[in-house]
file work_11.cif (mmCIF, C-alpha atoms)
data_coords
loop_
_atom_site.label_atom_id
_atom_site.label_comp_id
_atom_site.auth_asym_id
_atom_site.auth_seq_id
_atom_site.Cartn_x
_atom_site.Cartn_y
_atom_site.Cartn_z
CA LEU A 1 -8.14 1.49 -18.36
CA THR A 2 -9.01 1.70 -14.65
CA LEU A 3 -8.62 -1.29 -12.33
CA LEU A 4 -10.10 -1.21 -8.82
CA SER A 5 -10.24 -3.94 -6.18
CA GLY A 6 -12.57 -4.00 -3.18
CA ASN A 7 -12.12 -2.71 0.36
CA GLY A 8 -11.91 -5.13 3.25
CA GLY A 9 -14.81 -5.26 5.69
CA ASN A 10 -14.51 -3.95 9.24
CA GLY A 11 -14.01 -6.41 12.06
CA GLY A 12 -16.89 -6.84 14.47
CA ASP A 13 -16.86 -5.35 17.96
CA GLY A 14 -16.64 -7.45 21.08
CA VAL A 15 -19.93 -6.97 22.94
CA VAL A 16 -21.65 -8.61 25.88
CA ALA A 17 -20.83 -12.34 25.91
CA ALA A 18 -20.30 -12.39 22.15
CA VAL A 19 -17.52 -11.88 19.63
CA GLY A 20 -18.15 -9.98 16.42
CA GLY A 21 -17.60 -11.45 12.98
CA ILE A 22 -14.31 -11.25 11.08
CA GLY A 23 -14.18 -8.59 8.38
CA GLN A 24 -14.17 -10.23 4.98
CA VAL A 25 -11.48 -9.73 2.37
CA GLY A 26 -12.17 -7.18 -0.34
CA GLY A 27 -12.69 -8.54 -3.84
CA ASP A 28 -9.50 -9.29 -5.81
CA LEU A 29 -9.08 -8.31 -9.45
CA THR A 30 -6.95 -10.36 -11.84
CA LEU A 31 -6.26 -9.37 -15.44
CA SER A 32 -4.94 -12.55 -17.00
CA GLN A 33 -3.01 -13.09 -20.21
CA SER A 34 -6.17 -14.42 -21.81
CA ALA A 35 -7.64 -10.92 -21.64
CA ASN A 36 -5.39 -10.26 -24.66
CA ILE A 37 -5.20 -6.49 -24.24
CA GLN A 38 -2.63 -5.45 -26.85
CA ASN A 39 -2.49 -1.67 -26.77
CA ILE A 40 -4.07 1.14 -24.75
CA THR A 41 -3.97 4.57 -26.35
CA GLY A 42 -4.64 6.35 -23.06
CA GLY A 43 -3.38 5.67 -19.55
CA VAL A 44 -3.72 2.89 -17.01
CA GLY A 45 -4.65 3.49 -13.37
CA MET A 46 -4.74 0.82 -10.65
CA THR A 47 -5.99 1.32 -7.08
CA SER A 48 -6.25 -1.54 -4.62
CA GLY A 49 -8.71 -1.69 -1.74
CA ASN A 50 -8.13 -0.44 1.78
CA GLY A 51 -8.00 -2.80 4.73
CA GLY A 52 -10.98 -2.86 7.06
CA ASN A 53 -10.76 -1.41 10.56
CA GLY A 54 -10.33 -3.67 13.55
CA GLY A 55 -13.24 -4.15 15.89
CA THR A 56 -13.27 -2.51 19.30
CA ALA A 57 -12.84 -4.62 22.40
CA GLY A 58 -15.80 -4.37 24.71
CA THR A 59 -16.51 -7.09 27.23
CA THR A 60 -14.99 -9.49 24.70
CA THR A 61 -12.18 -9.32 22.15
CA GLY A 62 -12.47 -7.20 19.03
CA VAL A 63 -11.98 -8.92 15.66
CA VAL A 64 -9.54 -8.24 12.83
CA GLY A 65 -10.60 -6.25 9.79
CA GLY A 66 -10.49 -7.84 6.35
CA GLN A 67 -7.59 -7.14 4.02
CA GLY A 68 -8.11 -5.00 0.97
CA GLY A 69 -8.48 -6.78 -2.34
CA ASP A 70 -5.35 -7.37 -4.44
CA ILE A 71 -4.81 -6.50 -8.09
CA VAL A 72 -2.75 -8.85 -10.28
CA VAL A 73 -1.97 -8.01 -13.90
CA VAL A 74 -0.34 -10.90 -15.74
CA GLU A 75 -0.04 -9.37 -19.21
CA LEU A 76 -0.69 -5.91 -20.58
CA GLY A 77 0.01 -4.24 -23.94
CA ASN A 78 1.73 -0.93 -24.57
CA ILE A 79 0.38 2.15 -22.78
CA GLY A 80 0.00 5.42 -24.66
CA THR A 81 0.28 7.81 -21.72
CA THR A 82 0.65 7.36 -17.97
CA LEU A 83 0.81 4.34 -15.66
CA THR A 84 -0.24 4.88 -12.05
CA ALA A 85 -0.66 2.44 -9.18
CA THR A 86 -1.83 3.24 -5.64
CA GLY A 87 -1.74 0.59 -2.93
CA GLY A 88 -4.53 0.33 -0.37
CA ASP A 89 -4.06 1.77 3.11
CA GLY A 90 -4.06 -0.46 6.15
CA GLY A 91 -7.07 -0.35 8.41
CA THR A 92 -7.07 1.31 11.82
CA GLY A 93 -6.69 -0.87 14.88
CA GLY A 94 -9.67 -1.04 17.20
CA ALA A 95 -9.79 0.60 20.62
CA SER A 96 -9.81 -1.31 23.90
CA THR A 97 -11.30 0.87 26.60
CA VAL A 98 -14.08 -1.09 28.30
CA LYS A 99 -12.97 -4.27 30.07
CA ASP A 100 -9.62 -5.26 31.52
CA SER A 101 -7.38 -7.75 29.69
CA GLN A 102 -9.19 -7.48 26.35
CA THR A 103 -7.43 -6.98 23.00
CA ALA A 104 -8.94 -4.98 20.18
CA GLY A 105 -8.93 -6.20 16.60
CA ALA A 106 -6.10 -5.36 14.22
CA GLY A 107 -6.71 -3.42 11.07
CA GLY A 108 -6.60 -5.40 7.82
CA ARG A 109 -3.68 -4.86 5.45
CA GLY A 110 -4.15 -2.74 2.38
CA GLY A 111 -4.51 -4.46 -0.97
CA ALA A 112 -1.36 -5.21 -2.96
CA ILE A 113 -0.76 -4.57 -6.66
CA GLY A 114 1.40 -6.84 -8.79
CA LEU A 115 2.19 -6.00 -12.42
CA GLN A 116 3.85 -9.09 -13.88
CA ASP A 117 3.99 -7.92 -17.48
CA THR A 118 7.03 -8.73 -19.60
CA SER A 119 6.68 -6.39 -22.59
CA THR A 120 5.06 -3.01 -21.95
CA THR A 121 6.21 0.45 -23.00
CA THR A 122 4.70 3.67 -21.69
CA GLY A 123 4.40 7.01 -23.43
CA GLY A 124 3.98 9.01 -20.23
CA ALA A 125 5.08 9.11 -16.62
CA ILE A 126 5.02 6.17 -14.22
CA LEU A 127 3.84 6.89 -10.65
CA TYR A 128 3.73 4.15 -8.01
CA THR A 129 2.57 4.94 -4.46
CA ALA A 130 2.44 2.21 -1.81
CA GLY A 131 -0.26 2.14 0.84
CA ALA A 132 0.11 3.77 4.24
CA GLY A 133 0.01 1.74 7.42
CA GLY A 134 -3.04 2.13 9.61
CA ASP A 135 -2.89 3.79 13.01
CA GLY A 136 -2.96 1.72 16.18
CA GLY A 137 -6.01 1.66 18.41
CA SER A 138 -6.13 3.32 21.81
CA ALA A 139 -6.18 1.59 25.19
CA ASN A 140 -7.65 2.75 28.50
CA CYS A 141 -8.11 -0.21 30.85
CA THR A 142 -5.86 -2.48 32.89
CA SER A 143 -3.89 -4.97 30.75
CA CYS A 144 -5.97 -4.21 27.69
CA VAL A 145 -4.33 -3.77 24.29
CA GLY A 146 -5.27 -1.53 21.40
CA GLY A 147 -5.44 -3.13 17.98
CA LYS A 148 -2.44 -2.94 15.65
CA GLY A 149 -2.83 -0.89 12.49
CA GLY A 150 -2.89 -2.85 9.23
CA ALA A 151 0.11 -2.78 6.90
CA GLY A 152 -0.05 -0.66 3.76
CA GLY A 153 -0.44 -2.36 0.40
CA ILE A 154 2.80 -3.41 -1.28
CA LEU A 155 3.51 -2.83 -4.96
CA THR A 156 5.59 -4.91 -7.39
CA MET A 157 6.29 -4.22 -11.04
CA LEU A 158 8.10 -5.78 -14.00
CA LEU A 159 8.24 -3.78 -17.23
CA THR A 160 10.31 -4.75 -20.26
CA GLY A 161 10.66 -2.06 -22.88
CA ALA A 162 11.42 1.64 -23.28
CA GLN A 163 9.63 3.95 -20.85
CA GLY A 164 8.92 7.34 -22.39
CA ASP A 165 8.96 9.69 -19.41
CA SER A 166 9.75 9.94 -15.70
CA VAL A 167 9.50 7.21 -13.04
CA THR A 168 8.39 8.09 -9.49
CA LEU A 169 8.25 5.49 -6.69
CA VAL A 170 6.87 6.46 -3.26
CA GLY A 171 6.94 4.06 -0.32
CA GLY A 172 4.07 3.98 2.14
CA ALA A 173 4.15 5.91 5.40
CA GLY A 174 4.07 3.95 8.64
CA GLY A 175 1.01 4.31 10.83
CA ASP A 176 1.09 6.10 14.15
CA GLY A 177 1.13 4.19 17.40
CA SER A 178 -1.64 4.99 19.84
CA SER A 179 -1.47 6.53 23.27
CA ALA A 180 -2.53 4.58 26.32
CA VAL A 181 -3.85 6.00 29.58
CA VAL A 182 -3.82 2.46 31.01
CA GLY A 183 -2.83 -0.72 29.22
CA THR A 184 -0.93 -0.82 25.91
CA GLY A 185 -1.66 1.30 22.87
CA GLY A 186 -1.84 -0.32 19.44
CA MET A 187 1.21 -0.31 17.20
CA GLY A 188 1.10 1.54 13.90
CA GLY A 189 1.05 -0.59 10.77
CA ALA A 190 4.06 -0.79 8.44
CA GLY A 191 4.08 1.31 5.29
CA GLY A 192 3.83 -0.59 2.03
CA THR A 193 7.03 -1.38 0.14
CA ILE A 194 7.79 -1.08 -3.58
CA ALA A 195 9.95 -3.48 -5.60
CA ALA A 196 10.07 -2.35 -9.23
CA THR A 197 12.03 -3.83 -12.13
CA ILE A 198 12.47 -2.00 -15.43
CA ALA A 199 14.33 -3.81 -18.20
CA GLY A 200 14.67 -1.04 -20.76
CA ASP A 201 15.48 2.63 -21.15
CA ILE A 202 13.96 5.45 -19.10
CA ALA A 203 13.66 8.69 -21.07
CA GLY A 204 12.99 10.96 -18.09
CA ALA A 205 14.06 11.52 -14.51
CA VAL A 206 13.75 9.03 -11.65
CA SER A 207 12.49 10.04 -8.19
CA LEU A 208 12.66 7.60 -5.27
CA ASP A 209 11.11 8.11 -1.84
CA ASP A 210 11.17 5.72 1.09
CA GLY A 211 8.05 6.44 3.13
CA ASN A 212 8.21 8.17 6.49
CA ALA A 213 7.98 6.19 9.70
CA GLY A 214 4.95 6.83 11.86
CA SER A 215 5.02 8.44 15.29
CA ALA A 216 4.94 6.54 18.57
CA GLY A 217 1.95 7.18 20.79
CA GLY A 218 2.08 9.07 24.05
CA SER A 219 2.35 7.02 27.24
CA ALA A 220 -0.08 9.04 29.38
CA GLY A 221 0.41 6.45 32.13
CA GLY A 222 0.19 3.30 30.04
CA THR A 223 2.53 1.80 27.41
CA ALA A 224 2.61 3.76 24.20
CA GLY A 225 2.04 1.99 20.91
CA ALA A 226 5.15 1.78 18.73
CA ALA A 227 5.41 3.61 15.44
CA GLY A 228 4.89 1.78 12.17
CA VAL A 229 8.01 1.42 10.05
CA ALA A 230 8.39 3.20 6.72
CA GLY A 231 7.89 1.40 3.43
CA THR A 232 11.15 1.03 1.49
CA VAL A 233 11.70 1.44 -2.26
CA VAL A 234 13.90 -0.78 -4.46
CA LEU A 235 14.45 -0.14 -8.18
CA ASN A 236 16.04 -2.89 -10.28
CA LEU A 237 17.44 -1.89 -13.67
CA ALA A 238 18.52 -4.14 -16.54
CA SER A 239 19.71 -3.15 -20.03
CA SER A 240 18.78 0.43 -19.23
CA THR A 241 19.93 3.91 -20.12
CA VAL A 242 18.53 6.42 -17.61
CA THR A 243 18.52 9.78 -19.39
CA GLY A 244 17.37 12.04 -16.57
CA ALA A 245 18.73 12.65 -13.09
CA VAL A 246 18.04 10.24 -10.24
CA THR A 247 16.89 12.01 -7.08
CA VAL A 248 15.68 10.99 -3.63
CA VAL A 249 13.29 12.86 -1.36
CA ASP A 250 15.24 12.32 1.87
CA ASP A 251 18.95 11.72 2.39
CA GLY A 252 19.71 7.99 2.38
CA ASP A 253 16.47 6.92 0.72
CA ALA A 254 16.09 3.87 -1.54
CA THR A 255 18.19 1.18 -3.21
CA ILE A 256 19.06 0.69 -6.88
CA ASN A 257 20.30 -2.64 -8.23
CA THR A 258 21.76 -3.12 -11.72
CA ALA A 259 21.76 -6.62 -13.23
CA THR A 260 21.46 -8.78 -16.37
CA GLY A 261 22.26 -6.13 -19.02
CA ALA A 262 24.57 -3.09 -18.96
CA VAL A 263 23.17 0.06 -17.35
CA VAL A 264 24.10 3.68 -18.13
CA PHE A 265 23.30 6.70 -15.95
CA SER A 266 23.47 9.79 -18.17
CA ALA A 267 22.98 12.39 -15.43
CA ASP A 268 23.63 12.87 -11.71
CA ILE A 269 22.53 10.39 -9.06
CA GLY A 270 21.44 12.17 -5.88
CA THR A 271 22.78 15.48 -4.64
CA SER A 272 25.36 16.51 -2.08
CA THR A 273 22.63 16.93 0.56
CA LYS A 274 20.23 14.14 -0.50
CA LYS A 275 22.19 11.02 -1.40
CA LEU A 276 20.84 7.70 -2.64
CA GLY A 277 21.09 5.05 0.08
CA VAL A 278 22.64 2.07 -1.77
CA LEU A 279 23.61 1.28 -5.35
CA ASN A 280 24.52 -2.35 -6.04
CA ALA A 281 26.33 -2.73 -9.37
CA ASN A 282 25.85 -6.37 -10.40
CA ILE A 283 26.53 -5.78 -14.10
CA GLN A 284 28.59 -3.33 -16.20
CA THR A 285 27.44 0.12 -15.01
CA ASP A 286 28.58 3.43 -16.54
CA PHE A 287 28.31 6.85 -14.92
CA THR A 288 28.56 10.17 -16.75
CA GLY A 289 27.38 12.39 -13.88
CA ASN A 290 28.10 12.73 -10.19
CA VAL A 291 27.29 9.74 -8.01
CA TYR A 292 26.04 10.90 -4.62
CA VAL A 293 25.35 7.63 -2.83
CA ASP A 294 26.02 6.45 0.72
CA SER A 295 27.23 3.03 -0.42
CA LEU A 296 28.35 1.85 -3.87
CA VAL A 297 28.86 -1.93 -3.95
CA ILE A 298 30.54 -3.42 -7.03
CA ALA A 299 30.10 -7.18 -7.43
CA ASN A 300 32.95 -9.58 -8.25
CA GLY A 301 33.90 -9.45 -11.93
CA VAL A 302 31.84 -6.32 -12.58
CA ARG A 303 33.36 -3.10 -13.97
CA ILE A 304 32.07 0.43 -13.56
CA ASP A 305 33.21 3.20 -15.91
CA THR A 306 33.58 6.82 -14.87
CA GLU A 307 33.21 9.04 -17.91
CA SER A 308 32.53 12.73 -17.54
CA THR A 309 33.64 15.95 -19.24
CA ALA A 310 32.82 17.99 -16.13
CA THR A 311 35.55 19.62 -14.03
CA GLU A 312 35.07 16.88 -11.45
CA GLN A 313 32.99 13.72 -11.23
CA VAL A 314 32.19 13.06 -7.57
CA PHE A 315 31.66 9.65 -5.95
CA SER A 316 30.52 10.59 -2.46
CA GLY A 317 30.19 7.35 -0.50
CA ALA A 318 32.23 4.28 0.34
CA ILE A 319 33.01 1.96 -2.56
CA THR A 320 33.12 -1.69 -1.53
CA GLY A 321 32.88 -5.15 -3.02
CA ASP A 322 35.22 -7.04 -5.31
CA GLY A 323 34.70 -5.24 -8.61
CA ASP A 324 36.73 -3.12 -11.03
CA ILE A 325 36.87 0.61 -11.74
CA SER A 326 37.92 2.22 -15.00
CA VAL A 327 38.55 5.97 -15.08
CA LYS A 328 38.17 7.03 -18.70
CA ALA A 329 40.17 9.60 -20.66
CA ASN A 330 39.64 13.28 -19.75
CA THR A 331 37.70 12.29 -16.64
CA HIS A 332 38.59 13.70 -13.21
CA ALA A 333 37.09 11.17 -10.77
CA VAL A 334 36.97 12.23 -7.12
CA PHE A 335 36.36 9.49 -4.54
CA GLN A 336 35.23 11.19 -1.34
CA GLY A 337 34.22 8.13 0.69
CA THR A 338 36.25 6.30 3.32
CA GLY A 339 37.23 2.63 3.36
CA ASN A 340 37.17 2.10 -0.42
CA THR A 341 37.91 -1.41 -1.68
CA VAL A 342 38.09 -2.65 -5.29
CA ASP A 343 39.64 -5.57 -7.13
CA THR A 344 41.35 -3.61 -9.93
CA MET A 345 41.77 0.05 -10.84
CA ALA A 346 42.65 1.43 -14.28
CA VAL A 347 43.21 5.10 -15.14
CA ALA A 348 43.24 5.94 -18.86
CA ALA A 349 45.54 8.43 -20.56
CA ALA A 350 44.50 12.00 -19.68
CA GLY A 351 42.37 10.57 -16.86
CA ARG A 352 42.72 11.78 -13.28
CA LEU A 353 41.97 9.98 -10.02
CA GLU A 354 41.67 11.88 -6.74
CA LEU A 355 41.34 10.05 -3.42
CA ASN A 356 40.23 11.62 -0.16
CA ASP A 357 40.95 8.41 1.79
CA ASN A 358 42.64 5.05 1.39
CA LEU A 359 41.87 2.82 -1.58
CA ILE A 360 42.54 -0.89 -1.12
CA ILE A 361 43.19 -2.75 -4.39
CA GLN A 362 42.74 -6.41 -3.55
CA ASN A 363 44.42 -7.76 -6.71
CA ASP A 364 47.97 -6.55 -6.05
CA ASN A 365 49.00 -7.02 -9.68
CA VAL A 366 46.41 -4.76 -11.26
CA LEU A 367 46.84 -1.03 -10.85
CA THR A 368 47.03 0.41 -14.36
CA ILE A 369 47.95 4.07 -14.89
CA ALA A 370 48.32 4.95 -18.56
CA SER A 371 50.94 7.42 -19.79
CA GLY A 372 49.74 11.01 -19.64
#
call {"tool": "encode", "arguments": {"input": "work_11.cif", "output": "structure tokens"}}
result
Amino acid sequence: LTLLSGNGGNGGDGVVAAVGGIGQVGGDLTLSQSANIQNITGGVGMTSGNGGNGGTAGTTTGVVGGQGGDIVVVELGNIGTTLTATGGDGGTGGASTVKDSQTAGAGGRGGAIGLQDTSTTTGGAILYTAGAGGDGGSANCTSCVGGKGGAGGILTMLLTGAQGDSVTLVGGAGGDGSSAVVGTGGMGGAGGTIAATIAGDIAGAVSLDDGNAGSAGGSAGGTAGAAGVAGTVVLNLASSTVTGAVTVVDDGDATINTATGAVVFSADIGTSTKKLGVLNANIQTDFTGNVYVDSLVIANGVRIDTESTATEQVFSGAITGDGDISVKANTHAVFQGTGNTVDTMAVAAAGRLELNDNLIIQNDNVLTIASG
């Protein structure tokens, strides 16, 4: 099943004594519950439309490009193989190089994709890629401004059920700002973001990648256009066992939130050189591998369990919040971060706790160290 929405139209150019027409929005595509699609033996691919380019500024102002069409899926049956979604790219900002004090049209934003399903399982890999921001338009006249690049298409997802393979989420890259000989170059558009929720098990590995920021333009005498910001990635997990390792492409990328139902990570999270940015434990969360994360936040009343048969189980970053930690039997937990704060700490018999910095236990009655 392939779902495609339309591209946005380009904005009109500003010509002699006239302003061009606004680029129209690309056609949306909505797959409603009434479509009653129960099962798909193959894969599903969704690609939203690109934003239109902004019009150039001539003797009058350039006009904004139309946004790419959105895709909305309200209900979808089980998927036999892969699920892919690619957000539309933002349009390029128009140039302003003819007449002083004119502003070129901005690029339209890329089309968004929203999967609102509540009960879908997949037999293959899931790959989500947000749209890239468009580049800013150039400027080469006094007080003129290049058009801003359009934002990349954002992606949202809700899947309830067991997912049979890997999950890869890639945020959109920010667009590049433009150079300006005179005037102000256009700013790059923001990369598209991803907010994905999976309520169910993941049989494979998880790869998370915040997009890269764009590059600022060169000044060349004028004011350079600023770089577009990177698109961030957030993965929400509920009632999930993640069998494979969780990795990030760049150190500090991405956020994982656990909520609603207990979550188990059966392998490592991050590596010593490429750590997950933030993990917010809002429900019982168990770790059996190393946890390389810049910040582990444990909510009030929430317990995390460290349970590993390895020589050491490393927690690399600061542990904060008002939650509880339980070090299980035969586990050697090593907390490498600084400024650790918990509500209670319990170490089971034959468990071992190693601290490389202070640990503040806020409930002064609850430090439990079992015999042995």
call {"tool": "closest_residue", "arguments": {"input": "work_11.cif", "among": "A:Ser179, A:Thr193, A:Gln38, A:Thr338", "to": "Ala227 (chain A)", "atoms": "only C-alpha atoms"}}
result
A:Ser179
call {"tool": "resolve_selection", "arguments": {"input": "work_11.cif", "expression": "the PyMOL selection byres ((chain A and resi 181-187) around 8)", "output": "compact mmCIF listing (two decimals) with C-alpha atoms, in the coordinates of the input"}}
result
# COMPACT_ATOMS: atom_id res chain seq x y z
CA GLY A 93 -6.69 -0.87 14.88
CA ASP A 135 -2.89 3.79 13.01
CA GLY A 136 -2.96 1.72 16.18
CA GLY A 137 -6.01 1.66 18.41
CA SER A 138 -6.13 3.32 21.81
CA ALA A 139 -6.18 1.59 25.19
CA ASN A 140 -7.65 2.75 28.50
CA CYS A 141 -8.11 -0.21 30.85
CA THR A 142 -5.86 -2.48 32.89
CA SER A 143 -3.89 -4.97 30.75
CA CYS A 144 -5.97 -4.21 27.69
CA VAL A 145 -4.33 -3.77 24.29
CA GLY A 146 -5.27 -1.53 21.40
CA GLY A 147 -5.44 -3.13 17.98
CA LYS A 148 -2.44 -2.94 15.65
CA GLY A 149 -2.83 -0.89 12.49
CA GLY A 175 1.01 4.31 10.83
CA ASP A 176 1.09 6.10 14.15
CA GLY A 177 1.13 4.19 17.40
CA SER A 178 -1.64 4.99 19.84
CA SER A 179 -1.47 6.53 23.27
CA ALA A 180 -2.53 4.58 26.32
CA GLY A 188 1.10 1.54 13.90
CA GLY A 189 1.05 -0.59 10.77
CA ALA A 216 4.94 6.54 18.57
CA GLY A 217 1.95 7.18 20.79
CA SER A 219 2.35 7.02 27.24
CA ALA A 220 -0.08 9.04 29.38
CA GLY A 221 0.41 6.45 32.13
CA GLY A 222 0.19 3.30 30.04
CA THR A 223 2.53 1.80 27.41
CA ALA A 224 2.61 3.76 24.20
CA GLY A 225 2.04 1.99 20.91
CA ALA A 226 5.15 1.78 18.73
CA ALA A 227 5.41 3.61 15.44
CA GLY A 228 4.89 1.78 12.17
call {"tool": "residues_near_point", "arguments": {"input": "work_11.cif", "point": "(2.2, -6.3, -9.0)", "cutoff": "12 Å", "atoms": "only C-alpha atoms", "output": "PyMOL selection string"}}
result
chain A and resi 29-31+46-48+70-76+84-87+111-118+128+130+153-159+193-197
call {"tool": "write_last_selection", "arguments": {"input": "work_11.cif", "atoms": "C-alpha atoms", "output": "PDB file, in the frame of the given file"}}
result
ATOM      1  CA  LEU A  29      -9.080  -8.310  -9.450  1.00  0.00           C
ATOM      2  CA  THR A  30      -6.950 -10.360 -11.840  1.00  0.00           C
ATOM      3  CA  LEU A  31      -6.260  -9.370 -15.440  1.00  0.00           C
ATOM      4  CA  MET A  46      -4.740   0.820 -10.650  1.00  0.00           C
ATOM      5  CA  THR A  47      -5.990   1.320  -7.080  1.00  0.00           C
ATOM      6  CA  SER A  48      -6.250  -1.540  -4.620  1.00  0.00           C
ATOM      7  CA  ASP A  70      -5.350  -7.370  -4.440  1.00  0.00           C
ATOM      8  CA  ILE A  71      -4.810  -6.500  -8.090  1.00  0.00           C
ATOM      9  CA  VAL A  72      -2.750  -8.850 -10.280  1.00  0.00           C
ATOM     10  CA  VAL A  73      -1.970  -8.010 -13.900  1.00  0.00           C
ATOM     11  CA  VAL A  74      -0.340 -10.900 -15.740  1.00  0.00           C
ATOM     12  CA  GLU A  75      -0.040  -9.370 -19.210  1.00  0.00           C
ATOM     13  CA  LEU A  76      -0.690  -5.910 -20.580  1.00  0.00           C
ATOM     14  CA  THR A  84      -0.240   4.880 -12.050  1.00  0.00           C
ATOM     15  CA  ALA A  85      -0.660   2.440  -9.180  1.00  0.00           C
ATOM     16  CA  THR A  86      -1.830   3.240  -5.640  1.00  0.00           C
ATOM     17  CA  GLY A  87      -1.740   0.590  -2.930  1.00  0.00           C
ATOM     18  CA  GLY A 111      -4.510  -4.460  -0.970  1.00  0.00           C
ATOM     19  CA  ALA A 112      -1.360  -5.210  -2.960  1.00  0.00           C
ATOM     20  CA  ILE A 113      -0.760  -4.570  -6.660  1.00  0.00           C
ATOM     21  CA  GLY A 114       1.400  -6.840  -8.790  1.00  0.00           C
ATOM     22  CA  LEU A 115       2.190  -6.000 -12.420  1.00  0.00           C
ATOM     23  CA  GLN A 116       3.850  -9.090 -13.880  1.00  0.00           C
ATOM     24  CA  ASP A 117       3.990  -7.920 -17.480  1.00  0.00           C
ATOM     25  CA  THR A 118       7.030  -8.730 -19.600  1.00  0.00           C
ATOM     26  CA  TYR A 128       3.730   4.150  -8.010  1.00  0.00           C
ATOM     27  CA  ALA A 130       2.440   2.210  -1.810  1.00  0.00           C
ATOM     28  CA  GLY A 153      -0.440  -2.360   0.400  1.00  0.00           C
ATOM     29  CA  ILE A 154       2.800  -3.410  -1.280  1.00  0.00           C
ATOM     30  CA  LEU A 155       3.510  -2.830  -4.960  1.00  0.00           C
ATOM     31  CA  THR A 156       5.590  -4.910  -7.390  1.00  0.00           C
ATOM     32  CA  MET A 157       6.290  -4.220 -11.040  1.00  0.00           C
ATOM     33  CA  LEU A 158       8.100  -5.780 -14.000  1.00  0.00           C
ATOM     34  CA  LEU A 159       8.240  -3.780 -17.230  1.00  0.00           C
ATOM     35  CA  THR A 193       7.030  -1.380   0.140  1.00  0.00           C
ATOM     36  CA  ILE A 194       7.790  -1.080  -3.580  1.00  0.00           C
ATOM     37  CA  ALA A 195       9.950  -3.480  -5.600  1.00  0.00           C
ATOM     38  CA  ALA A 196      10.070  -2.350  -9.230  1.00  0.00           C
ATOM     39  CA  THR A 197      12.030  -3.830 -12.130  1.00  0.00           C
TER      40      THR A 197
END
call {"tool": "resolve_selection", "arguments": {"input": "work_11.cif", "expression": "the PyMOL selection byres ((chain A and resi 206) around 12)", "output": "PyMOL selection string"}}
result
chain A and resi 125-128+163-170+198+201-205+207-209+235+237+241-249+254+256+265-270+276
call {"tool": "atom_distance", "arguments": {"input": "work_11.cif", "atom1": "CA of Ala329 (chain A)", "atom2": "CA of Gly200 (chain A)"}}
result
27.6 Å
call {"tool": "resolve_selection", "arguments": {"input": "work_11.cif", "expression": "the PyMOL selection byres ((chain A and resi 318) around 7)", "output": "VMD selection string"}}
result
chain A and resid 294 to 296 317 319 to 320 337 to 340
call {"tool": "atom_distance", "arguments": {"input": "work_11.cif", "atom1": "CA of Asn356 (chain A)", "atom2": "CA of Ser326 (chain A)"}}
result
17.7 Å
call {"tool": "atom_distance", "arguments": {"input": "work_11.cif", "atom1": "CA of Thr368 (chain A)", "atom2": "CA of Asn280 (chain A)"}}
result
24.2 Å
call {"tool": "closest_residue", "arguments": {"input": "work_11.cif", "among": "A:Gly134, A:Gly14, A:Lys274, A:Gly68", "to": "Lys99 (chain A)", "atoms": "only C-alpha atoms"}}
result
A:Gly14
call {"tool": "closest_residue", "arguments": {"input": "work_11.cif", "among": "A:Gly252, A:Gly133, A:Gly108, A:Gly55", "to": "Gly277 (chain A)", "atoms": "only C-alpha atoms"}}
result
A:Gly252
call {"tool": "residues_around", "arguments": {"input": "work_11.cif", "residues": "region 312-316 of chain A", "least_positions_apart": "3", "cutoff": "7 Å", "atoms": "all atoms listed in the file", "output": "list of chain:residue names"}}
result
A:Gly289, A:Asn290, A:Val291, A:Tyr292, A:Val293, A:Asp294, A:Ser308, A:His332, A:Ala333, A:Val334, A:Phe335, A:Gln336, A:Gly337
call {"tool": "closest_residue", "arguments": {"input": "work_11.cif", "among": "A:Asn212, A:Asn236, A:Ser32, A:Asn300", "to": "Gly192 (chain A)", "atoms": "only C-alpha atoms"}}
result
A:Asn212
call {"tool": "closest_residue", "arguments": {"input": "work_11.cif", "among": "A:Thr129, A:Gly161, A:Asp13, A:Leu1", "to": "Ala95 (chain A)", "atoms": "all atoms listed in the file"}}
result
A:Asp13
call {"tool": "closest_residue", "arguments": {"input": "work_11.cif", "among": "A:Asn36, A:Ser101, A:Ser5, A:Ser96", "to": "Gly51 (chain A)", "atoms": "all atoms listed in the file"}}
result
A:Ser5
call {"tool": "residues_around", "arguments": {"input": "work_11.cif", "residues": "Asp305 (chain A)", "least_positions_apart": "2", "cutoff": "7 Å", "atoms": "all atoms listed in the file", "output": "list of chain:residue names"}}
result
A:Thr285, A:Asp286, A:Phe287, A:Arg303, A:Glu307, A:Ile325, A:Ser326, A:Val327, A:Lys328
